[in-house]
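upload12.pdb, holding PDB, N, CA and C atoms, pLDDT in the B column:
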MODEL        1
ATOM      1  N   MET A   1     102.961  66.759 118.475  1.00 74.00           N
ATOM      2  CA  MET A   1     104.318  67.114 118.825  1.00 74.00           C
ATOM      3  C   MET A   1     105.128  67.311 117.542  1.00 74.00           C
ATOM      4  N   LYS A   2     105.768  68.456 117.424  1.00 80.00           N
ATOM      5  CA  LYS A   2     106.550  68.762 116.233  1.00 80.00           C
ATOM      6  C   LYS A   2     107.974  68.224 116.389  1.00 80.00           C
ATOM      7  N   VAL A   3     108.459  67.561 115.347  1.00 83.00           N
ATOM      8  CA  VAL A   3     109.794  66.977 115.379  1.00 83.00           C
ATOM      9  C   VAL A   3     110.807  68.001 114.873  1.00 83.00           C
ATOM     10  N   GLN A   4     111.877  68.218 115.639  1.00 90.00           N
ATOM     11  CA  GLN A   4     112.940  69.123 115.218  1.00 90.00           C
ATOM     12  C   GLN A   4     113.799  68.423 114.170  1.00 90.00           C
ATOM     13  N   ARG A   5     114.081  69.126 113.076  1.00 93.00           N
ATOM     14  CA  ARG A   5     114.938  68.557 112.044  1.00 93.00           C
ATOM     15  C   ARG A   5     116.396  68.783 112.409  1.00 93.00           C
ATOM     16  N   LYS A   6     117.250  67.835 112.016  1.00 95.00           N
ATOM     17  CA  LYS A   6     118.681  67.941 112.314  1.00 95.00           C
ATOM     18  C   LYS A   6     119.300  69.061 111.506  1.00 95.00           C
ATOM     19  N   ARG A   7     120.249  69.771 112.111  1.00 96.00           N
ATOM     20  CA  ARG A   7     120.980  70.840 111.445  1.00 96.00           C
ATOM     21  C   ARG A   7     122.474  70.600 111.652  1.00 96.00           C
ATOM     22  N   LEU A   8     123.237  70.763 110.575  1.00 97.00           N
ATOM     23  CA  LEU A   8     124.682  70.589 110.631  1.00 97.00           C
ATOM     24  C   LEU A   8     125.352  71.794 109.989  1.00 97.00           C
ATOM     25  N   THR A   9     126.580  72.069 110.404  1.00 97.00           N
ATOM     26  CA  THR A   9     127.353  73.166 109.840  1.00 97.00           C
ATOM     27  C   THR A   9     128.625  72.586 109.230  1.00 97.00           C
ATOM     28  N   GLY A  10     128.947  73.040 108.011  1.00 97.00           N
ATOM     29  CA  GLY A  10     130.148  72.527 107.356  1.00 97.00           C
ATOM     30  C   GLY A  10     130.590  73.414 106.207  1.00 97.00           C
ATOM     31  N   ARG A  11     131.675  73.006 105.542  1.00 97.00           N
ATOM     32  CA  ARG A  11     132.244  73.758 104.421  1.00 97.00           C
ATOM     33  C   ARG A  11     131.877  73.108 103.093  1.00 97.00           C
ATOM     34  N   VAL A  12     131.612  73.938 102.097  1.00 97.00           N
ATOM     35  CA  VAL A  12     131.311  73.444 100.754  1.00 97.00           C
ATOM     36  C   VAL A  12     132.619  73.004 100.103  1.00 97.00           C
ATOM     37  N   THR A  13     132.664  71.750  99.636  1.00 97.00           N
ATOM     38  CA  THR A  13     133.872  71.241  98.992  1.00 97.00           C
ATOM     39  C   THR A  13     133.699  71.087  97.488  1.00 97.00           C
ATOM     40  N   SER A  14     132.443  71.066  96.996  1.00 96.00           N
ATOM     41  CA  SER A  14     132.203  70.952  95.567  1.00 96.00           C
ATOM     42  C   SER A  14     130.880  71.626  95.224  1.00 96.00           C
ATOM     43  N   ASP A  15     130.900  72.394  94.116  1.00 95.00           N
ATOM     44  CA  ASP A  15     129.674  73.034  93.638  1.00 95.00           C
ATOM     45  C   ASP A  15     129.497  72.796  92.139  1.00 95.00           C
ATOM     46  N   LYS A  16     130.042  71.698  91.634  1.00 96.00           N
ATOM     47  CA  LYS A  16     130.052  71.442  90.199  1.00 96.00           C
ATOM     48  C   LYS A  16     128.714  70.937  89.665  1.00 96.00           C
ATOM     49  N   MET A  17     127.842  70.440  90.532  1.00 96.00           N
ATOM     50  CA  MET A  17     126.551  69.924  90.081  1.00 96.00           C
ATOM     51  C   MET A  17     125.520  71.046  90.036  1.00 96.00           C
ATOM     52  N   ASP A  18     124.455  70.830  89.307  1.00 96.00           N
ATOM     53  CA  ASP A  18     123.383  71.817  89.222  1.00 96.00           C
ATOM     54  C   ASP A  18     122.460  71.671  90.430  1.00 96.00           C
ATOM     55  N   LYS A  19     122.319  72.740  91.196  1.00 96.00           N
ATOM     56  CA  LYS A  19     121.454  72.806  92.379  1.00 96.00           C
ATOM     57  C   LYS A  19     121.858  71.827  93.477  1.00 96.00           C
ATOM     58  N   THR A  20     123.109  71.400  93.482  1.00 97.00           N
ATOM     59  CA  THR A  20     123.603  70.485  94.511  1.00 97.00           C
ATOM     60  C   THR A  20     125.019  70.885  94.902  1.00 97.00           C
ATOM     61  N   VAL A  21     125.302  70.842  96.200  1.00 97.00           N
ATOM     62  CA  VAL A  21     126.657  71.072  96.698  1.00 97.00           C
ATOM     63  C   VAL A  21     127.038  69.915  97.620  1.00 97.00           C
ATOM     64  N   VAL A  22     128.341  69.696  97.750  1.00 98.00           N
ATOM     65  CA  VAL A  22     128.849  68.708  98.694  1.00 98.00           C
ATOM     66  C   VAL A  22     129.388  69.476  99.892  1.00 98.00           C
ATOM     67  N   VAL A  23     128.871  69.147 101.071  1.00 98.00           N
ATOM     68  CA  VAL A  23     129.255  69.829 102.306  1.00 98.00           C
ATOM     69  C   VAL A  23     130.004  68.841 103.185  1.00 98.00           C
ATOM     70  N   GLU A  24     131.195  69.245 103.635  1.00 98.00           N
ATOM     71  CA  GLU A  24     131.999  68.405 104.511  1.00 98.00           C
ATOM     72  C   GLU A  24     131.825  68.888 105.949  1.00 98.00           C
ATOM     73  N   VAL A  25     131.303  68.008 106.797  1.00 98.00           N
ATOM     74  CA  VAL A  25     131.046  68.329 108.196  1.00 98.00           C
ATOM     75  C   VAL A  25     132.112  67.654 109.044  1.00 98.00           C
ATOM     76  N   GLU A  26     132.744  68.433 109.897  1.00 97.00           N
ATOM     77  CA  GLU A  26     133.807  67.920 110.762  1.00 97.00           C
ATOM     78  C   GLU A  26     133.295  67.877 112.198  1.00 97.00           C
ATOM     79  N   ARG A  27     133.575  66.771 112.889  1.00 96.00           N
ATOM     80  CA  ARG A  27     133.185  66.670 114.296  1.00 96.00           C
ATOM     81  C   ARG A  27     134.345  66.089 115.090  1.00 96.00           C
ATOM     82  N   LEU A  28     134.346  66.350 116.373  1.00 97.00           N
ATOM     83  CA  LEU A  28     135.376  65.838 117.261  1.00 97.00           C
ATOM     84  C   LEU A  28     134.807  64.666 118.047  1.00 97.00           C
ATOM     85  N   LYS A  29     135.608  63.602 118.141  1.00 97.00           N
ATOM     86  CA  LYS A  29     135.165  62.396 118.831  1.00 97.00           C
ATOM     87  C   LYS A  29     136.307  61.925 119.719  1.00 97.00           C
ATOM     88  N   ARG A  30     135.985  61.586 120.937  1.00 97.00           N
ATOM     89  CA  ARG A  30     136.998  61.086 121.861  1.00 97.00           C
ATOM     90  C   ARG A  30     137.108  59.572 121.740  1.00 97.00           C
ATOM     91  N   HIS A  31     138.337  59.071 121.640  1.00 97.00           N
ATOM     92  CA  HIS A  31     138.561  57.628 121.574  1.00 97.00           C
ATOM     93  C   HIS A  31     138.122  57.003 122.898  1.00 97.00           C
ATOM     94  N   ARG A  32     137.353  55.923 122.809  1.00 96.00           N
ATOM     95  CA  ARG A  32     136.749  55.375 124.023  1.00 96.00           C
ATOM     96  C   ARG A  32     137.760  54.782 124.999  1.00 96.00           C
ATOM     97  N   LEU A  33     138.891  54.275 124.502  1.00 97.00           N
ATOM     98  CA  LEU A  33     139.880  53.659 125.379  1.00 97.00           C
ATOM     99  C   LEU A  33     141.006  54.628 125.752  1.00 97.00           C
ATOM    100  N   TYR A  34     141.560  55.316 124.756  1.00 97.00           N
ATOM    101  CA  TYR A  34     142.748  56.127 124.990  1.00 97.00           C
ATOM    102  C   TYR A  34     142.440  57.587 125.296  1.00 97.00           C
ATOM    103  N   GLY A  35     141.225  58.029 125.036  1.00 97.00           N
ATOM    104  CA  GLY A  35     140.842  59.389 125.385  1.00 97.00           C
ATOM    105  C   GLY A  35     141.326  60.468 124.428  1.00 97.00           C
ATOM    106  N   LYS A  36     142.055  60.093 123.387  1.00 97.00           N
ATOM    107  CA  LYS A  36     142.550  61.075 122.424  1.00 97.00           C
ATOM    108  C   LYS A  36     141.381  61.634 121.610  1.00 97.00           C
ATOM    109  N   VAL A  37     141.407  62.940 121.360  1.00 98.00           N
ATOM    110  CA  VAL A  37     140.360  63.582 120.574  1.00 98.00           C
ATOM    111  C   VAL A  37     140.704  63.435 119.096  1.00 98.00           C
ATOM    112  N   LEU A  38     139.778  62.873 118.323  1.00 98.00           N
ATOM    113  CA  LEU A  38     139.994  62.614 116.908  1.00 98.00           C
ATOM    114  C   LEU A  38     139.045  63.463 116.081  1.00 98.00           C
ATOM    115  N   LYS A  39     139.520  63.938 114.926  1.00 97.00           N
ATOM    116  CA  LYS A  39     138.665  64.654 113.987  1.00 97.00           C
ATOM    117  C   LYS A  39     138.063  63.638 113.029  1.00 97.00           C
ATOM    118  N   ARG A  40     136.771  63.703 112.860  1.00 97.00           N
ATOM    119  CA  ARG A  40     136.062  62.837 111.920  1.00 97.00           C
ATOM    120  C   ARG A  40     135.311  63.730 110.941  1.00 97.00           C
ATOM    121  N   THR A  41     135.392  63.408 109.645  1.00 98.00           N
ATOM    122  CA  THR A  41     134.678  64.190 108.647  1.00 98.00           C
ATOM    123  C   THR A  41     133.724  63.287 107.886  1.00 98.00           C
ATOM    124  N   LYS A  42     132.631  63.894 107.439  1.00 98.00           N
ATOM    125  CA  LYS A  42     131.653  63.180 106.634  1.00 98.00           C
ATOM    126  C   LYS A  42     131.129  64.148 105.587  1.00 98.00           C
ATOM    127  N   LYS A  43     130.887  63.634 104.382  1.00 98.00           N
ATOM    128  CA  LYS A  43     130.403  64.470 103.287  1.00 98.00           C
ATOM    129  C   LYS A  43     128.915  64.233 103.077  1.00 98.00           C
ATOM    130  N   TYR A  44     128.184  65.328 102.919  1.00 98.00           N
ATOM    131  CA  TYR A  44     126.750  65.273 102.661  1.00 98.00           C
ATOM    132  C   TYR A  44     126.460  66.023 101.367  1.00 98.00           C
ATOM    133  N   MET A  45     125.547  65.488 100.566  1.00 98.00           N
ATOM    134  CA  MET A  45     125.074  66.198  99.383  1.00 98.00           C
ATOM    135  C   MET A  45     123.850  67.001  99.809  1.00 98.00           C
ATOM    136  N   ALA A  46     123.840  68.292  99.472  1.00 98.00           N
ATOM    137  CA  ALA A  46     122.757  69.167  99.899  1.00 98.00           C
ATOM    138  C   ALA A  46     122.194  69.931  98.713  1.00 98.00           C
ATOM    139  N   HIS A  47     120.900  70.188  98.771  1.00 97.00           N
ATOM    140  CA  HIS A  47     120.199  70.909  97.707  1.00 97.00           C
ATOM    141  C   HIS A  47     120.427  72.408  97.868  1.00 97.00           C
ATOM    142  N   ASP A  48     120.820  73.063  96.776  1.00 96.00           N
ATOM    143  CA  ASP A  48     121.070  74.510  96.747  1.00 96.00           C
ATOM    144  C   ASP A  48     120.261  75.079  95.586  1.00 96.00           C
ATOM    145  N   GLU A  49     119.048  75.505  95.865  1.00 93.00           N
ATOM    146  CA  GLU A  49     118.086  75.884  94.816  1.00 93.00           C
ATOM    147  C   GLU A  49     118.589  76.997  93.915  1.00 93.00           C
ATOM    148  N   GLU A  50     119.237  78.028  94.482  1.00 94.00           N
ATOM    149  CA  GLU A  50     119.669  79.182  93.687  1.00 94.00           C
ATOM    150  C   GLU A  50     121.098  79.062  93.156  1.00 94.00           C
ATOM    151  N   ASN A  51     121.774  77.955  93.393  1.00 94.00           N
ATOM    152  CA  ASN A  51     123.188  77.803  93.030  1.00 94.00           C
ATOM    153  C   ASN A  51     124.023  78.941  93.605  1.00 94.00           C
ATOM    154  N   ALA A  52     123.747  79.315  94.859  1.00 94.00           N
ATOM    155  CA  ALA A  52     124.400  80.453  95.495  1.00 94.00           C
ATOM    156  C   ALA A  52     125.706  80.075  96.187  1.00 94.00           C
ATOM    157  N   CYS A  53     125.882  78.826  96.554  1.00 95.00           N
ATOM    158  CA  CYS A  53     127.066  78.407  97.316  1.00 95.00           C
ATOM    159  C   CYS A  53     128.276  78.266  96.412  1.00 95.00           C
ATOM    160  N   ARG A  54     129.429  78.623  96.950  1.00 95.00           N
ATOM    161  CA  ARG A  54     130.708  78.464  96.272  1.00 95.00           C
ATOM    162  C   ARG A  54     131.633  77.636  97.155  1.00 95.00           C
ATOM    163  N   ILE A  55     132.696  77.100  96.571  1.00 96.00           N
ATOM    164  CA  ILE A  55     133.658  76.290  97.316  1.00 96.00           C
ATOM    165  C   ILE A  55     134.276  77.143  98.424  1.00 96.00           C
ATOM    166  N   GLY A  56     134.315  76.598  99.638  1.00 96.00           N
ATOM    167  CA  GLY A  56     134.893  77.293 100.777  1.00 96.00           C
ATOM    168  C   GLY A  56     133.877  77.993 101.655  1.00 96.00           C
ATOM    169  N   ASP A  57     132.621  78.101 101.213  1.00 96.00           N
ATOM    170  CA  ASP A  57     131.593  78.749 102.028  1.00 96.00           C
ATOM    171  C   ASP A  57     131.275  77.902 103.253  1.00 96.00           C
ATOM    172  N   LEU A  58     131.009  78.581 104.365  1.00 97.00           N
ATOM    173  CA  LEU A  58     130.537  77.916 105.574  1.00 97.00           C
ATOM    174  C   LEU A  58     129.016  77.968 105.532  1.00 97.00           C
ATOM    175  N   VAL A  59     128.363  76.810 105.542  1.00 97.00           N
ATOM    176  CA  VAL A  59     126.912  76.750 105.376  1.00 97.00           C
ATOM    177  C   VAL A  59     126.272  75.920 106.482  1.00 97.00           C
ATOM    178  N   ARG A  60     124.991  76.183 106.712  1.00 97.00           N
ATOM    179  CA  ARG A  60     124.193  75.359 107.610  1.00 97.00           C
ATOM    180  C   ARG A  60     123.221  74.575 106.743  1.00 97.00           C
ATOM    181  N   ILE A  61     123.189  73.247 106.941  1.00 97.00           N
ATOM    182  CA  ILE A  61     122.268  72.399 106.183  1.00 97.00           C
ATOM    183  C   ILE A  61     121.245  71.812 107.145  1.00 97.00           C
ATOM    184  N   VAL A  62     120.060  71.571 106.616  1.00 97.00           N
ATOM    185  CA  VAL A  62     118.967  71.039 107.426  1.00 97.00           C
ATOM    186  C   VAL A  62     118.405  69.797 106.733  1.00 97.00           C
ATOM    187  N   GLU A  63     118.016  68.829 107.543  1.00 97.00           N
ATOM    188  CA  GLU A  63     117.488  67.569 107.036  1.00 97.00           C
ATOM    189  C   GLU A  63     116.148  67.793 106.338  1.00 97.00           C
ATOM    190  N   SER A  64     115.896  67.049 105.263  1.00 95.00           N
ATOM    191  CA  SER A  64     114.631  67.175 104.541  1.00 95.00           C
ATOM    192  C   SER A  64     114.204  65.805 104.026  1.00 95.00           C
ATOM    193  N   ARG A  65     113.118  65.813 103.270  1.00 95.00           N
ATOM    194  CA  ARG A  65     112.681  64.562 102.660  1.00 95.00           C
ATOM    195  C   ARG A  65     113.701  64.153 101.596  1.00 95.00           C
ATOM    196  N   PRO A  66     113.763  62.886 101.205  1.00 96.00           N
ATOM    197  CA  PRO A  66     114.701  62.480 100.163  1.00 96.00           C
ATOM    198  C   PRO A  66     114.417  63.191  98.846  1.00 96.00           C
ATOM    199  N   LEU A  67     115.444  63.850  98.298  1.00 96.00           N
ATOM    200  CA  LEU A  67     115.316  64.560  97.032  1.00 96.00           C
ATOM    201  C   LEU A  67     115.878  63.742  95.883  1.00 96.00           C
ATOM    202  N   SER A  68     116.797  62.849  96.173  1.00 96.00           N
ATOM    203  CA  SER A  68     117.335  61.912  95.198  1.00 96.00           C
ATOM    204  C   SER A  68     117.938  60.755  95.986  1.00 96.00           C
ATOM    205  N   ARG A  69     118.684  59.904  95.310  1.00 96.00           N
ATOM    206  CA  ARG A  69     119.223  58.718  95.979  1.00 96.00           C
ATOM    207  C   ARG A  69     120.144  59.063  97.147  1.00 96.00           C
ATOM    208  N   ARG A  70     121.014  60.067  96.977  1.00 96.00           N
ATOM    209  CA  ARG A  70     121.978  60.414  98.019  1.00 96.00           C
ATOM    210  C   ARG A  70     121.730  61.774  98.650  1.00 96.00           C
ATOM    211  N   LYS A  71     120.722  62.482  98.215  1.00 97.00           N
ATOM    212  CA  LYS A  71     120.526  63.862  98.665  1.00 97.00           C
ATOM    213  C   LYS A  71     119.267  63.988  99.509  1.00 97.00           C
ATOM    214  N   HIS A  72     119.446  64.238 100.830  1.00 96.00           N
ATOM    215  CA  HIS A  72     118.308  64.490 101.705  1.00 96.00           C
ATOM    216  C   HIS A  72     118.624  65.577 102.730  1.00 96.00           C
ATOM    217  N   TRP A  73     119.401  66.565 102.283  1.00 98.00           N
ATOM    218  CA  TRP A  73     119.705  67.760 103.066  1.00 98.00           C
ATOM    219  C   TRP A  73     119.501  68.972 102.167  1.00 98.00           C
ATOM    220  N   VAL A  74     119.167  70.115 102.769  1.00 97.00           N
ATOM    221  CA  VAL A  74     118.945  71.360 102.037  1.00 97.00           C
ATOM    222  C   VAL A  74     119.785  72.444 102.692  1.00 97.00           C
ATOM    223  N   VAL A  75     120.426  73.304 101.875  1.00 97.00           N
ATOM    224  CA  VAL A  75     121.198  74.422 102.410  1.00 97.00           C
ATOM    225  C   VAL A  75     120.221  75.414 103.011  1.00 97.00           C
ATOM    226  N   GLU A  76     120.352  75.669 104.308  1.00 96.00           N
ATOM    227  CA  GLU A  76     119.461  76.602 104.998  1.00 96.00           C
ATOM    228  C   GLU A  76     119.965  78.032 104.879  1.00 96.00           C
ATOM    229  N   GLU A  77     121.266  78.217 105.111  1.00 95.00           N
ATOM    230  CA  GLU A  77     121.837  79.556 104.985  1.00 95.00           C
ATOM    231  C   GLU A  77     123.342  79.476 104.764  1.00 95.00           C
ATOM    232  N   ILE A  78     123.858  80.512 104.110  1.00 96.00           N
ATOM    233  CA  ILE A  78     125.299  80.659 103.960  1.00 96.00           C
ATOM    234  C   ILE A  78     125.766  81.537 105.099  1.00 96.00           C
ATOM    235  N   MET A  79     126.521  80.954 106.026  1.00 95.00           N
ATOM    236  CA  MET A  79     126.918  81.680 107.233  1.00 95.00           C
ATOM    237  C   MET A  79     128.127  82.584 106.997  1.00 95.00           C
ATOM    238  N   GLN A  80     129.040  82.131 106.125  1.00 94.00           N
ATOM    239  CA  GLN A  80     130.247  82.908 105.840  1.00 94.00           C
ATOM    240  C   GLN A  80     130.709  82.574 104.436  1.00 94.00           C
ATOM    241  N   ALA A  81     130.987  83.606 103.662  1.00 92.00           N
ATOM    242  CA  ALA A  81     131.463  83.388 102.292  1.00 92.00           C
ATOM    243  C   ALA A  81     132.895  82.880 102.326  1.00 92.00           C
ATOM    244  N   GLY A  82     133.250  82.051 101.360  1.00 78.00           N
ATOM    245  CA  GLY A  82     134.608  81.508 101.274  1.00 78.00           C
ATOM    246  C   GLY A  82     135.587  82.517 100.735  1.00 78.00           C
ATOM    247  N   ASN A  83     136.760  82.040 100.389  1.00 70.00           N
ATOM    248  CA  ASN A  83     137.832  82.939  99.930  1.00 70.00           C
ATOM    249  C   ASN A  83     137.487  83.595  98.635  1.00 70.00           C
TER     250      ASN A  83
ENDMDL
END

Rewrite the coordinates I just gave you, this time as structure tokens.
Amino acid sequence: MKVQRKRLTGRVTSDKMDKTVVVEVERLKRHRLYGKVLKRTKKYMAHDEENACRIGDLVRIVESRPLSRRKHWVVEEIMQAGN
């Protein structure tokens, strides 16, 4: 049985490192008691082999083996170029 890897979509917030970008993923979560919809964001470090991503790009990242201490995601595709 083949295991599906997790995929997330988010915006690049930093591209200052070599072959690494920081991707901010936003999700909506409903408060369990009050029912209000809350925005939650989380930052992931992702591997960008060609240094193709720029700040503001919308990218899809996919889970991979650990590449460093904090990096275990890889940029799969750039869905939309930033400003």

For A:Arg54, please output as a PyMOL selection string all residues within 8 Å (counting only N, CA and C atoms; exclusion window: fewer than 2 positions along the same chain).
chain A and resi 11-15+51-52+56-58+81-83

Can you list what the PyMOL selection byres ((chain A and resi 39) around 6) grabs from this structure, as an NGL selection string?
:A and (27-29 or 37-38 or 40-41)

For the residues in that selection, give me N, CA and C atoms as a compact mmCIF listing (two decimals), in the frame of the given file.
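Saved to out28.txt:
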# COMPACT_ATOMS: atom_id res chain seq x y z
N ARG A 27 133.57 66.77 112.89
CA ARG A 27 133.18 66.67 114.30
C ARG A 27 134.34 66.09 115.09
N LEU A 28 134.35 66.35 116.37
CA LEU A 28 135.38 65.84 117.26
C LEU A 28 134.81 64.67 118.05
N LYS A 29 135.61 63.60 118.14
CA LYS A 29 135.16 62.40 118.83
C LYS A 29 136.31 61.92 119.72
N VAL A 37 141.41 62.94 121.36
CA VAL A 37 140.36 63.58 120.57
C VAL A 37 140.70 63.44 119.10
N LEU A 38 139.78 62.87 118.32
CA LEU A 38 139.99 62.61 116.91
C LEU A 38 139.04 63.46 116.08
N ARG A 40 136.77 63.70 112.86
CA ARG A 40 136.06 62.84 111.92
C ARG A 40 135.31 63.73 110.94
N THR A 41 135.39 63.41 109.64
CA THR A 41 134.68 64.19 108.65
C THR A 41 133.72 63.29 107.89

Could you check which residues have any atom within 12 Å of (121.7, 84.0, 106.6), counting only C-alpha atoms with coordinates taken straight from the file, and then list them as a PyMOL selection string?
chain A and resi 52+58-61+75-81

Just give me the gap between atom CA of A:Arg7 and atom CA of A:Glu63 in Å, one decimal is fine.
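We find that atom CA of A:Arg7 and atom CA of A:Glu63 lie 6.5 Å from each other.
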
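Rounded to one decimal, atom CA of A:Glu24 and atom C of A:Lys36 lie 20.6 Å from each other.
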
Please determine, counting only C-alpha atoms, which residue among A:Leu33, A:Ala46, A:Cys53, A:Val74 has the shortest atom-to-atom distance to A:Thr20.
A:Ala46

Atom N of A:Met17 sits from atom N of A:Glu50 at a separation of 12.1 Å

Determine the nearest neighbour of A:Val23 from the options A:Lys2, A:Arg65, A:Lys43, A:Arg70, counting only N, CA and C atoms.
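When distances to A:Val23 are compared using only N, CA and C atoms, the smallest one comes from A:Lys43.
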
For the structure I just gave you, how does DSSP split chain A - specifically, which residues are strand (DSSP E or B)? Reply as number ranges by chain.
A: 7-17, 20-30, 37-47, 58-63, 71-80

From the options A:Val62, A:Met1, A:Leu8, A:Leu67, which residue's atoms come nearest to A:Val25, counting all atoms listed in the file?
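The closest residue to A:Val25 is A:Leu8.
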
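Nearest to A:Lys71 of all the residues A:Tyr44, A:Lys16, A:Tyr34, A:Arg5 is A:Tyr44, counting only N, CA and C atoms.
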
Just checking: using all atoms listed in the file, which residue out of A:Glu26, A:Arg32, A:Glu49, A:His72 ends up closest to A:Gly10?
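Counting all atoms listed in the file, the residue closest to A:Gly10 is A:Glu26.
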
What are the centre and edge lengths in Å, to one decimal, of the axis-aligned box around all listed atoms of stretch 66-70 of chain A with 4 Å added on each side, as lines of an AutoDock Vina configuration file?
center_x = 117.9
center_y = 61.6
center_z = 98.2
size_x = 16.2
size_y = 13.8
size_z = 14.0
